[in-house]
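**Student:** I am sharing input15.cif, which consists of mmCIF, C-alpha atoms:
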data_protein
loop_
_atom_site.group_PDB
_atom_site.id
_atom_site.type_symbol
_atom_site.label_atom_id
_atom_site.label_comp_id
_atom_site.auth_asym_id
_atom_site.auth_seq_id
_atom_site.Cartn_x
_atom_site.Cartn_y
_atom_site.Cartn_z
ATOM 1 C CA MET A 1 5.593 19.055 12.971
ATOM 2 C CA VAL A 2 4.306 22.579 12.541
ATOM 3 C CA LEU A 3 2.800 24.169 9.465
ATOM 4 C CA SER A 4 4.602 27.416 8.700
ATOM 5 C CA ALA A 5 2.881 30.439 7.202
ATOM 6 C CA ALA A 6 4.415 29.485 3.863
ATOM 7 C CA ASP A 7 3.093 25.920 4.181
ATOM 8 C CA LYS A 8 -0.428 27.191 4.878
ATOM 9 C CA SER A 9 -0.238 29.550 1.931
ATOM 10 C CA ASN A 10 1.039 26.764 -0.360
ATOM 11 C CA VAL A 11 -1.724 24.382 0.706
ATOM 12 C CA LYS A 12 -4.441 27.005 0.302
ATOM 13 C CA GLY A 13 -3.019 27.749 -3.132
ATOM 14 C CA VAL A 14 -3.268 24.097 -4.178
ATOM 15 C CA PHE A 15 -6.877 23.789 -3.108
ATOM 16 C CA ALA A 16 -7.801 27.121 -4.667
ATOM 17 C CA LYS A 17 -6.363 25.857 -7.951
ATOM 18 C CA ILE A 18 -8.102 22.490 -7.683
ATOM 19 C CA GLY A 19 -11.368 24.261 -6.878
ATOM 20 C CA GLY A 20 -14.507 22.383 -7.840
ATOM 21 C CA GLN A 21 -12.502 19.395 -9.052
ATOM 22 C CA SER A 22 -11.634 18.418 -5.496
ATOM 23 C CA GLU A 23 -14.283 15.683 -5.578
ATOM 24 C CA GLU A 24 -12.634 14.097 -8.608
ATOM 25 C CA TYR A 25 -9.253 14.331 -6.898
ATOM 26 C CA GLY A 26 -10.725 12.599 -3.841
ATOM 27 C CA ALA A 27 -12.248 9.794 -5.898
ATOM 28 C CA ASP A 28 -9.070 9.377 -7.947
ATOM 29 C CA ALA A 29 -6.961 9.206 -4.764
ATOM 30 C CA LEU A 30 -9.198 6.499 -3.306
ATOM 31 C CA GLU A 31 -9.195 4.498 -6.531
ATOM 32 C CA ARG A 32 -5.399 4.660 -6.620
ATOM 33 C CA MET A 33 -5.146 3.702 -2.960
ATOM 34 C CA PHE A 34 -7.273 0.577 -3.472
ATOM 35 C CA ALA A 35 -5.260 -0.350 -6.580
ATOM 36 C CA THR A 36 -1.817 0.387 -5.141
ATOM 37 C CA TYR A 37 -2.345 -0.851 -1.578
ATOM 38 C CA PRO A 38 -4.923 -3.644 -1.790
ATOM 39 C CA GLN A 39 -4.886 -4.127 1.984
ATOM 40 C CA THR A 40 -6.773 -0.826 2.280
ATOM 41 C CA LYS A 41 -9.773 -2.502 0.690
ATOM 42 C CA THR A 42 -10.295 -4.432 3.920
ATOM 43 C CA TYR A 43 -11.947 -1.343 5.374
ATOM 44 C CA PHE A 44 -14.588 -1.343 2.638
ATOM 45 C CA PRO A 45 -16.045 -4.854 2.420
ATOM 46 C CA HIS A 46 -19.452 -3.258 2.013
ATOM 47 C CA PHE A 47 -18.412 -1.244 -1.065
ATOM 48 C CA ASP A 48 -18.382 -2.066 -4.721
ATOM 49 C CA LEU A 49 -14.732 -1.275 -5.458
ATOM 50 C CA GLY A 50 -14.896 -1.922 -9.182
ATOM 51 C CA LYS A 51 -13.805 0.691 -11.693
ATOM 52 C CA GLY A 52 -16.110 3.690 -11.797
ATOM 53 C CA SER A 53 -17.892 2.668 -8.618
ATOM 54 C CA ALA A 54 -20.470 5.219 -7.532
ATOM 55 C CA GLN A 55 -19.732 4.358 -3.900
ATOM 56 C CA VAL A 56 -16.018 5.134 -4.344
ATOM 57 C CA LYS A 57 -16.884 8.397 -6.097
ATOM 58 C CA GLY A 58 -19.272 9.290 -3.287
ATOM 59 C CA HIS A 59 -16.698 8.492 -0.648
ATOM 60 C CA GLY A 60 -14.021 10.408 -2.524
ATOM 61 C CA LYS A 61 -16.340 13.418 -2.448
ATOM 62 C CA LYS A 62 -16.638 13.089 1.347
ATOM 63 C CA VAL A 63 -12.872 12.784 1.811
ATOM 64 C CA ALA A 64 -12.273 15.812 -0.431
ATOM 65 C CA ALA A 65 -14.865 17.871 1.433
ATOM 66 C CA ALA A 66 -13.137 17.061 4.724
ATOM 67 C CA LEU A 67 -9.773 18.143 3.286
ATOM 68 C CA VAL A 68 -11.302 21.384 1.991
ATOM 69 C CA GLU A 69 -12.817 22.027 5.423
ATOM 70 C CA ALA A 70 -9.411 21.382 6.980
ATOM 71 C CA VAL A 71 -7.745 23.817 4.568
ATOM 72 C CA ASN A 72 -10.369 26.475 5.330
ATOM 73 C CA ASN A 73 -9.592 26.047 9.040
ATOM 74 C CA ILE A 74 -5.902 25.382 8.687
ATOM 75 C CA ASP A 75 -5.089 27.318 11.846
ATOM 76 C CA ASP A 76 -7.158 24.911 13.909
ATOM 77 C CA LEU A 77 -7.043 21.472 12.332
ATOM 78 C CA ALA A 78 -7.855 19.731 15.604
ATOM 79 C CA GLY A 79 -11.015 21.807 15.961
ATOM 80 C CA ALA A 80 -12.080 21.489 12.349
ATOM 81 C CA LEU A 81 -11.610 17.722 12.298
ATOM 82 C CA SER A 82 -12.726 16.967 15.854
ATOM 83 C CA LYS A 83 -15.895 15.090 14.896
ATOM 84 C CA LEU A 84 -14.060 13.087 12.230
ATOM 85 C CA SER A 85 -11.343 12.377 14.752
ATOM 86 C CA ASP A 86 -13.962 10.950 17.156
ATOM 87 C CA LEU A 87 -15.475 8.892 14.358
ATOM 88 C CA HIS A 88 -12.144 7.365 13.361
ATOM 89 C CA ALA A 89 -11.230 6.602 16.979
ATOM 90 C CA GLN A 90 -14.497 5.106 18.114
ATOM 91 C CA LYS A 91 -16.102 3.603 15.068
ATOM 92 C CA LEU A 92 -13.848 3.324 12.024
ATOM 93 C CA ARG A 93 -10.532 2.556 13.747
ATOM 94 C CA VAL A 94 -8.558 2.662 10.521
ATOM 95 C CA ASP A 95 -4.975 1.711 11.344
ATOM 96 C CA PRO A 96 -2.815 4.842 11.405
ATOM 97 C CA VAL A 97 -0.424 3.592 8.699
ATOM 98 C CA ASN A 98 -3.179 3.913 6.125
ATOM 99 C CA PHE A 99 -3.390 7.707 6.317
ATOM 100 C CA LYS A 100 0.127 7.922 4.941
ATOM 101 C CA LEU A 101 -0.916 5.638 2.056
ATOM 102 C CA LEU A 102 -3.894 7.813 1.160
ATOM 103 C CA GLY A 103 -1.683 10.885 1.478
ATOM 104 C CA GLN A 104 0.813 9.404 -0.986
ATOM 105 C CA CYS A 105 -2.022 8.706 -3.437
ATOM 106 C CA PHE A 106 -3.396 12.234 -3.104
ATOM 107 C CA LEU A 107 0.049 13.612 -3.951
ATOM 108 C CA VAL A 108 0.231 11.284 -6.968
ATOM 109 C CA VAL A 109 -3.168 12.554 -8.136
ATOM 110 C CA VAL A 110 -2.025 16.165 -7.911
ATOM 111 C CA ALA A 111 1.179 15.175 -9.734
ATOM 112 C CA THR A 112 -0.674 13.441 -12.565
ATOM 113 C CA ARG A 113 -3.393 16.082 -13.004
ATOM 114 C CA ASN A 114 -1.521 19.272 -12.239
ATOM 115 C CA PRO A 115 2.235 18.669 -12.271
ATOM 116 C CA SER A 116 3.155 22.359 -12.549
ATOM 117 C CA LEU A 117 1.281 22.976 -9.298
ATOM 118 C CA LEU A 118 3.422 20.480 -7.397
ATOM 119 C CA THR A 119 6.705 22.348 -7.146
ATOM 120 C CA PRO A 120 9.138 20.857 -4.590
ATOM 121 C CA GLU A 121 8.144 23.531 -2.041
ATOM 122 C CA VAL A 122 4.431 22.916 -2.521
ATOM 123 C CA HIS A 123 5.054 19.154 -2.448
ATOM 124 C CA ALA A 124 6.735 19.545 0.939
ATOM 125 C CA SER A 125 3.905 21.724 2.315
ATOM 126 C CA LEU A 126 1.155 19.461 1.015
ATOM 127 C CA ASP A 127 2.899 16.370 2.404
ATOM 128 C CA LYS A 128 3.185 18.078 5.807
ATOM 129 C CA PHE A 129 -0.472 19.106 5.699
ATOM 130 C CA LEU A 130 -1.654 15.592 4.835
ATOM 131 C CA CYS A 131 0.518 14.179 7.652
ATOM 132 C CA ALA A 132 -0.993 16.705 10.044
ATOM 133 C CA VAL A 133 -4.512 15.690 8.993
ATOM 134 C CA GLY A 134 -3.652 12.018 9.566
ATOM 135 C CA THR A 135 -2.205 12.859 12.970
ATOM 136 C CA VAL A 136 -5.379 14.700 14.012
ATOM 137 C CA LEU A 137 -7.624 11.886 12.775
ATOM 138 C CA THR A 138 -5.723 9.310 14.844
ATOM 139 C CA ALA A 139 -5.058 11.546 17.856
ATOM 140 C CA LYS A 140 -7.828 10.094 20.009
ATOM 141 C CA TYR A 141 -7.106 6.437 19.226
ATOM 142 C CA ARG A 142 -5.690 5.794 22.687
ATOM 143 C CA MET B 1 11.700 -14.211 -4.200
ATOM 144 C CA VAL B 2 9.388 -11.598 -5.655
ATOM 145 C CA HIS B 3 7.145 -12.652 -8.498
ATOM 146 C CA TRP B 4 6.663 -10.312 -11.447
ATOM 147 C CA SER B 5 3.834 -10.965 -13.874
ATOM 148 C CA ALA B 6 4.407 -10.384 -17.574
ATOM 149 C CA GLU B 7 2.119 -7.356 -17.361
ATOM 150 C CA GLU B 8 4.099 -5.860 -14.472
ATOM 151 C CA LYS B 9 7.401 -6.332 -16.315
ATOM 152 C CA GLN B 10 5.867 -4.684 -19.357
ATOM 153 C CA LEU B 11 4.591 -1.735 -17.344
ATOM 154 C CA ILE B 12 7.986 -1.288 -15.719
ATOM 155 C CA SER B 13 9.928 -1.274 -18.987
ATOM 156 C CA SER B 14 7.450 0.882 -20.880
ATOM 157 C CA ILE B 15 7.490 3.525 -18.146
ATOM 158 C CA TRP B 16 11.288 3.293 -17.799
ATOM 159 C CA ALA B 17 11.690 3.889 -21.527
ATOM 160 C CA LYS B 18 10.058 7.295 -21.055
ATOM 161 C CA VAL B 19 12.285 8.289 -18.130
ATOM 162 C CA SER B 20 15.230 10.648 -18.409
ATOM 163 C CA VAL B 21 17.477 9.091 -15.781
ATOM 164 C CA GLU B 22 19.461 12.288 -15.351
ATOM 165 C CA GLU B 23 16.432 14.566 -14.971
ATOM 166 C CA CYS B 24 14.257 12.293 -12.868
ATOM 167 C CA GLY B 25 17.169 11.198 -10.703
ATOM 168 C CA ALA B 26 18.171 14.776 -9.951
ATOM 169 C CA GLU B 27 14.573 15.764 -9.284
ATOM 170 C CA ALA B 28 13.861 12.791 -7.043
ATOM 171 C CA LEU B 29 16.924 13.355 -4.863
ATOM 172 C CA ALA B 30 16.291 17.108 -4.661
ATOM 173 C CA ARG B 31 12.690 16.525 -3.623
ATOM 174 C CA LEU B 32 13.799 13.989 -0.998
ATOM 175 C CA LEU B 33 16.094 16.600 0.554
ATOM 176 C CA ILE B 34 13.390 19.288 0.370
ATOM 177 C CA VAL B 35 10.321 17.326 1.463
ATOM 178 C CA TYR B 36 12.158 15.341 4.184
ATOM 179 C CA PRO B 37 14.897 17.761 5.220
ATOM 180 C CA TRP B 38 16.333 15.412 7.825
ATOM 181 C CA THR B 39 17.654 13.313 4.938
ATOM 182 C CA GLN B 40 20.200 16.077 4.364
ATOM 183 C CA ARG B 41 22.131 14.527 7.248
ATOM 184 C CA PHE B 42 23.823 12.178 4.784
ATOM 185 C CA PHE B 43 25.025 14.933 2.503
ATOM 186 C CA SER B 44 26.933 17.360 4.704
ATOM 187 C CA ASP B 45 29.724 17.510 2.113
ATOM 188 C CA PHE B 46 27.399 18.496 -0.733
ATOM 189 C CA GLY B 47 27.783 22.234 -0.146
ATOM 190 C CA ASN B 48 24.815 24.561 -0.240
ATOM 191 C CA LEU B 49 21.544 22.842 0.765
ATOM 192 C CA SER B 50 20.153 25.907 2.498
ATOM 193 C CA SER B 51 16.999 26.354 0.409
ATOM 194 C CA PRO B 52 14.894 24.487 -2.158
ATOM 195 C CA THR B 53 16.436 26.641 -4.892
ATOM 196 C CA ALA B 54 19.942 25.864 -3.653
ATOM 197 C CA ILE B 55 19.167 22.139 -3.479
ATOM 198 C CA ILE B 56 17.630 21.992 -6.952
ATOM 199 C CA GLY B 57 20.578 23.843 -8.463
ATOM 200 C CA ASN B 58 23.239 21.983 -6.516
ATOM 201 C CA PRO B 59 25.462 20.100 -9.001
ATOM 202 C CA LYS B 60 26.389 17.413 -6.461
ATOM 203 C CA VAL B 61 22.716 16.723 -5.833
ATOM 204 C CA ARG B 62 22.087 16.436 -9.563
ATOM 205 C CA ALA B 63 25.061 14.149 -10.080
ATOM 206 C CA HIS B 64 24.193 11.926 -7.154
ATOM 207 C CA GLY B 65 20.557 11.760 -8.184
ATOM 208 C CA LYS B 66 21.628 10.558 -11.609
ATOM 209 C CA LYS B 67 23.895 7.936 -10.001
ATOM 210 C CA VAL B 68 21.087 6.650 -7.791
ATOM 211 C CA LEU B 69 18.582 6.374 -10.624
ATOM 212 C CA THR B 70 21.146 4.767 -12.925
ATOM 213 C CA SER B 71 21.527 2.081 -10.297
ATOM 214 C CA PHE B 72 17.751 1.704 -10.329
ATOM 215 C CA GLY B 73 18.059 0.941 -14.022
ATOM 216 C CA GLU B 74 20.271 -2.003 -13.111
ATOM 217 C CA ALA B 75 17.519 -3.306 -10.858
ATOM 218 C CA ILE B 76 15.071 -3.152 -13.733
ATOM 219 C CA LYS B 77 17.376 -5.295 -15.846
ATOM 220 C CA ASN B 78 17.591 -7.830 -13.016
ATOM 221 C CA LEU B 79 14.081 -8.009 -11.614
ATOM 222 C CA ASP B 80 14.468 -11.687 -10.831
ATOM 223 C CA ASN B 81 17.580 -11.217 -8.755
ATOM 224 C CA LEU B 82 17.295 -7.938 -6.890
ATOM 225 C CA LYS B 83 18.922 -9.171 -3.702
ATOM 226 C CA GLY B 84 21.963 -10.355 -5.661
ATOM 227 C CA THR B 85 22.101 -7.186 -7.730
ATOM 228 C CA TYR B 86 22.055 -4.978 -4.649
ATOM 229 C CA SER B 87 24.137 -7.143 -2.332
ATOM 230 C CA LYS B 88 27.266 -4.976 -2.410
ATOM 231 C CA LEU B 89 25.322 -1.709 -2.366
ATOM 232 C CA SER B 90 23.403 -2.982 0.637
ATOM 233 C CA GLU B 91 26.624 -3.672 2.525
ATOM 234 C CA LEU B 92 27.941 -0.252 1.541
ATOM 235 C CA HIS B 93 24.817 1.552 2.784
ATOM 236 C CA CYS B 94 24.983 -0.309 6.073
ATOM 237 C CA ASP B 95 28.690 -0.471 6.851
ATOM 238 C CA LYS B 96 30.061 2.682 5.300
ATOM 239 C CA LEU B 97 27.187 5.073 4.709
ATOM 240 C CA HIS B 98 25.085 4.143 7.782
ATOM 241 C CA VAL B 99 21.802 4.944 6.085
ATOM 242 C CA ASP B 100 18.568 3.950 7.865
ATOM 243 C CA PRO B 101 16.643 1.813 5.325
ATOM 244 C CA GLU B 102 13.564 3.927 5.976
ATOM 245 C CA ASN B 103 15.250 6.464 3.709
ATOM 246 C CA PHE B 104 15.033 4.030 0.776
ATOM 247 C CA ARG B 105 11.274 3.878 1.266
ATOM 248 C CA LEU B 106 11.034 7.655 1.403
ATOM 249 C CA LEU B 107 13.040 7.998 -1.828
ATOM 250 C CA GLY B 108 10.875 5.339 -3.458
ATOM 251 C CA ASP B 109 7.691 7.257 -2.659
ATOM 252 C CA ILE B 110 9.240 10.451 -3.992
ATOM 253 C CA LEU B 111 10.302 8.677 -7.198
ATOM 254 C CA VAL B 112 6.714 7.540 -7.772
ATOM 255 C CA ILE B 113 5.521 11.135 -7.438
ATOM 256 C CA VAL B 114 8.204 12.359 -9.863
ATOM 257 C CA LEU B 115 7.158 9.717 -12.404
ATOM 258 C CA ALA B 116 3.514 10.679 -11.916
ATOM 259 C CA SER B 117 4.291 14.337 -12.549
ATOM 260 C CA HIS B 118 6.154 13.534 -15.765
ATOM 261 C CA LEU B 119 3.687 10.984 -17.138
ATOM 262 C CA GLY B 120 0.329 12.466 -16.124
ATOM 263 C CA ARG B 121 -2.660 10.229 -16.830
ATOM 264 C CA ASP B 122 -0.366 7.650 -18.447
ATOM 265 C CA PHE B 123 0.653 6.872 -14.866
ATOM 266 C CA THR B 124 -2.475 4.841 -14.320
ATOM 267 C CA PRO B 125 -3.457 3.248 -10.998
ATOM 268 C CA VAL B 126 -2.070 -0.091 -12.175
ATOM 269 C CA CYS B 127 1.204 1.618 -13.149
ATOM 270 C CA GLN B 128 1.344 3.158 -9.706
ATOM 271 C CA PHE B 129 0.726 -0.237 -8.107
ATOM 272 C CA THR B 130 3.552 -1.797 -10.109
ATOM 273 C CA TRP B 131 6.024 0.987 -9.424
ATOM 274 C CA GLN B 132 5.207 1.184 -5.695
ATOM 275 C CA LYS B 133 5.803 -2.571 -5.643
ATOM 276 C CA LEU B 134 9.123 -2.074 -7.450
ATOM 277 C CA VAL B 135 10.392 0.703 -5.195
ATOM 278 C CA GLY B 136 9.351 -1.328 -2.161
ATOM 279 C CA VAL B 137 11.225 -4.373 -3.376
ATOM 280 C CA VAL B 138 14.318 -2.313 -4.226
ATOM 281 C CA ALA B 139 14.236 -0.761 -0.738
ATOM 282 C CA HIS B 140 13.955 -4.230 0.761
ATOM 283 C CA ALA B 141 16.885 -5.517 -1.323
ATOM 284 C CA LEU B 142 19.030 -2.560 -0.280
ATOM 285 C CA ALA B 143 18.252 -3.292 3.361
ATOM 286 C CA HIS B 144 18.816 -7.017 3.026
ATOM 287 C CA LYS B 145 22.472 -7.127 4.034
ATOM 288 C CA TYR B 146 22.041 -4.907 7.074
ATOM 289 C CA HIS B 147 23.260 -6.319 10.320
#
Give the structure from this file in structure tokens form.
**Tutor:**
Amino acid sequence: MVLSAADKSNVKGVFAKIGGQSEEYGADALERMFATYPQTKTYFPHFDLGKGSAQVKGHGKKVAAALVEAVNNIDDLAGALSKLSDLHAQKLRVDPVNFKLLGQCFLVVVATRNPSLLTPEVHASLDKFLCAVGTVLTAKYR
Amino acid sequence: MVHWSAEEKQLISSIWAKVSVEECGAEALARLLIVYPWTQRFFSDFGNLSSPTAIIGNPKVRAHGKKVLTSFGEAIKNLDNLKGTYSKLSELHCDKLHVDPENFRLLGDILVIVLASHLGRDFTPVCQFTWQKLVGVVAHALAHKYH
């Protein structure tokens, strides 16, 4: 799956619009993921996953920052995410199915907070981008 | 058999009451065909699907989307017997339509996003949990008679 020029433009547009709120979007996406797909909590036994958790907010900020970095280097996702890719392969080893779950939750967050932003075309581009990020993060698993 | 708590049933009906079946159905099907273009393989007789604009405006897409979501409404009335409710439709999708059940999961995910976009913050995490559960169970029921 290849990101077209239009896809890249759509994704950059989304993140430009989200701007400084990306951290909130990240935290919201994580909160929704834990609520919607409880099995994802198994990767965070060391976290307080209660409502309003500072740890979840902090982690959401990290996830958002990584997505922003990816968007800013959208022509070289593998390069931009190389260290994170190593981390997920060697240390975290999050099962690949879970990236799709987080992706779904991120789309839901954009839909709830900024529905006019998520036109069908942008929805398609953002879904592709999130899939591509997941693919890069799991690329070195074996 | 799937268990539905009283709270889950309440969340399902309160959200459903806010849904325009015609609008959301049309939008969900259009988005499925746009976001996952390979799903267009089942609709070669629908006419012009050449662009997102064409898909969104396509009257057959709108009509079929409404049909699909109307059927969803039947599921909601029969939460305690989804397999029975969808038995014939499951056979149809397998024997006549030859639809890979993965497509039901894709449409379910799209439907959740459409609901989220219409309901905003009212589509709370617990709502999302309940509706992802529902679309998953519907997809499973539709796949149940496959052989």
**Student:** Give one line per residue of chain A that approaches chain B to at most 6 Å, naming the two atoms of the closest pair and their distance in Å to one decimal, counting all atoms listed in the file; sort by chain then ascending residue number and deliver it as a Markdown table.
**Tutor:**
| residue | atom | partner | partner_atom | distance |
| --- | --- | --- | --- | --- |
| A:Arg32 | CA | B:Pro125 | CA | 5.0 |
| A:Ala35 | CA | B:Pro125 | CA | 6.0 |
| A:Thr36 | CA | B:Phe129 | CA | 4.0 |
| A:Val108 | CA | B:Ile113 | CA | 5.3 |
| A:Ala111 | CA | B:Ser117 | CA | 4.3 |
| A:Thr112 | CA | B:Gly120 | CA | 3.8 |
| A:Pro115 | CA | B:Ser117 | CA | 4.8 |
| A:Pro120 | CA | B:Arg31 | CA | 5.7 |
| A:Ala124 | CA | B:Val35 | CA | 4.2 |
**Student:** What gap, in Å, lies between CA of Arg113 in chain A and CA of Gly19 in chain A?
**Tutor:** 13.0 Å
**Student:** Determine the nearest neighbour of Arg105 in chain B from the options B:Trp16, B:Met1, B:Ile76, B:His140, counting all atoms listed in the file.
**Tutor:**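 Using all atoms listed in the file, Arg105 in chain B sits closest to B:His140.
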**Student:** Written as a VMD selection string, what is the full residue list that the PyMOL selection byres ((chain A and resi 75-78) around 9) yields on the file shown?
**Tutor:** chain A and resid 3 8 70 to 74 79 to 82 85 132 to 133 136 to 137 139
**Student:** Can you list what the PyMOL selection byres ((chain A and resi 2) around 10) grabs from this structure, as a PyMOL selection string?
**Tutor:** chain A and resi 1+3-5+7+128-129+132
**Student:** Exactly which residues make up the result of the PyMOL selection byres ((chain A and resi 104) around 10) on this file, given as a list in words?
**Tutor:** Ala29, Arg32, Met33, Asn98, Phe99, Lys100, Leu101, Leu102, Gly103, Cys105, Phe106, Leu107, Val108, Val109, Asp127, Leu130 and Cys131 of chain A; Asp109, Ile110, Val112 and Ile113 of chain B
**Student:** Would you mind reading off the distance between CA of Gln90 in chain A and CA of Gln55 in chain A, one decimal, in Å?
**Tutor:**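 We find that CA of Gln90 in chain A and CA of Gln55 in chain A lie 22.6 Å from each other.
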**Student:** How far is it from CA of His93 in chain B to CA of Arg41 in chain B, in Å with one decimal?
**Tutor:** 14.0 Å
**Student:** For each of A:Leu30, A:Val110, A:Ala89, A:Val122, take the minimum atom-to-atom distance to Arg142 in chain A, counting all atoms listed in the file, then give the residue where this is smallest.
**Tutor:**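 The shortest atom-to-atom distance to Arg142 in chain A comes from A:Ala89.
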**Student:** Got a sec: who's within 9 Å of Ile18 in chain A, counting all atoms listed in the file, leaving out chain neighbours fewer than 5 positions off, as a list in words?
**Tutor:**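 The residues satisfying every condition are Gly13, Tyr25, Val110 and Asn114 of chain A.
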**Student:** Which of these residues is nearest to Asn10 in chain A, using all atoms listed in the file: A:His123, A:His88, A:His46, A:Arg93?
**Tutor:**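 Distance minimum relative to Asn10 in chain A lands on A:His123.
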**Student:** Just want the 10 Å neighbourhood of range 58-65 of chain B, counted on only C-alpha atoms, with same-chain residues fewer than 4 positions away dropped. Output as a VMD selection string.
**Tutor:** chain B and resid 21 to 30 33 43 45 to 49 52 to 54 69 to 71
**Student:** Create the file for the chosen residues now, containing C-alpha atoms and written as an mmCIF file, in the frame of the given file.
**Tutor:**
data_model
loop_
_atom_site.group_PDB
_atom_site.id
_atom_site.type_symbol
_atom_site.label_atom_id
_atom_site.label_comp_id
_atom_site.auth_asym_id
_atom_site.auth_seq_id
_atom_site.Cartn_x
_atom_site.Cartn_y
_atom_site.Cartn_z
ATOM 1 C CA VAL B 21 17.477 9.091 -15.781
ATOM 2 C CA GLU B 22 19.461 12.288 -15.351
ATOM 3 C CA GLU B 23 16.432 14.566 -14.971
ATOM 4 C CA CYS B 24 14.257 12.293 -12.868
ATOM 5 C CA GLY B 25 17.169 11.198 -10.703
ATOM 6 C CA ALA B 26 18.171 14.776 -9.951
ATOM 7 C CA GLU B 27 14.573 15.764 -9.284
ATOM 8 C CA ALA B 28 13.861 12.791 -7.043
ATOM 9 C CA LEU B 29 16.924 13.355 -4.863
ATOM 10 C CA ALA B 30 16.291 17.108 -4.661
ATOM 11 C CA LEU B 33 16.094 16.600 0.554
ATOM 12 C CA PHE B 43 25.025 14.933 2.503
ATOM 13 C CA ASP B 45 29.724 17.510 2.113
ATOM 14 C CA PHE B 46 27.399 18.496 -0.733
ATOM 15 C CA GLY B 47 27.783 22.234 -0.146
ATOM 16 C CA ASN B 48 24.815 24.561 -0.240
ATOM 17 C CA LEU B 49 21.544 22.842 0.765
ATOM 18 C CA PRO B 52 14.894 24.487 -2.158
ATOM 19 C CA THR B 53 16.436 26.641 -4.892
ATOM 20 C CA ALA B 54 19.942 25.864 -3.653
ATOM 21 C CA LEU B 69 18.582 6.374 -10.624
ATOM 22 C CA THR B 70 21.146 4.767 -12.925
ATOM 23 C CA SER B 71 21.527 2.081 -10.297
#
**Student:** May I have the residues within 12 Å of Val137 in chain B as number ranges by chain, using all atoms listed in the file and disregarding those fewer than 6 positions away in the same chain?
**Tutor:** B: 1-4, 72, 75-76, 79-83, 86, 101, 104-105, 108, 130-131, 143-144
**Student:** Using all atoms listed in the file, which residues sit within 12 Å of Val99 in chain B once same-chain residues fewer than 4 positions away are excluded, as a CSV table (one decimal) with C-alpha atoms, in the coordinates of the input?
**Tutor:**
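File produced: out_26.csv:
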chain,number,residue,atom,x,y,z
B,38,TRP,CA,16.3,15.4,7.8
B,39,THR,CA,17.7,13.3,4.9
B,40,GLN,CA,20.2,16.1,4.4
B,41,ARG,CA,22.1,14.5,7.2
B,42,PHE,CA,23.8,12.2,4.8
B,43,PHE,CA,25.0,14.9,2.5
B,89,LEU,CA,25.3,-1.7,-2.4
B,90,SER,CA,23.4,-3.0,0.6
B,91,GLU,CA,26.6,-3.7,2.5
B,92,LEU,CA,27.9,-0.3,1.5
B,93,HIS,CA,24.8,1.6,2.8
B,94,CYS,CA,25.0,-0.3,6.1
B,95,ASP,CA,28.7,-0.5,6.9
B,103,ASN,CA,15.2,6.5,3.7
B,104,PHE,CA,15.0,4.0,0.8
B,105,ARG,CA,11.3,3.9,1.3
B,139,ALA,CA,14.2,-0.8,-0.7
B,142,LEU,CA,19.0,-2.6,-0.3
B,143,ALA,CA,18.3,-3.3,3.4
B,146,TYR,CA,22.0,-4.9,7.1
**Student:** Using all atoms listed in the file, which of the listed residues (A:Ser125, A:Thr119, A:Gln21, A:Thr40) sits closest to Pro96 in chain A?
**Tutor:** A:Thr40
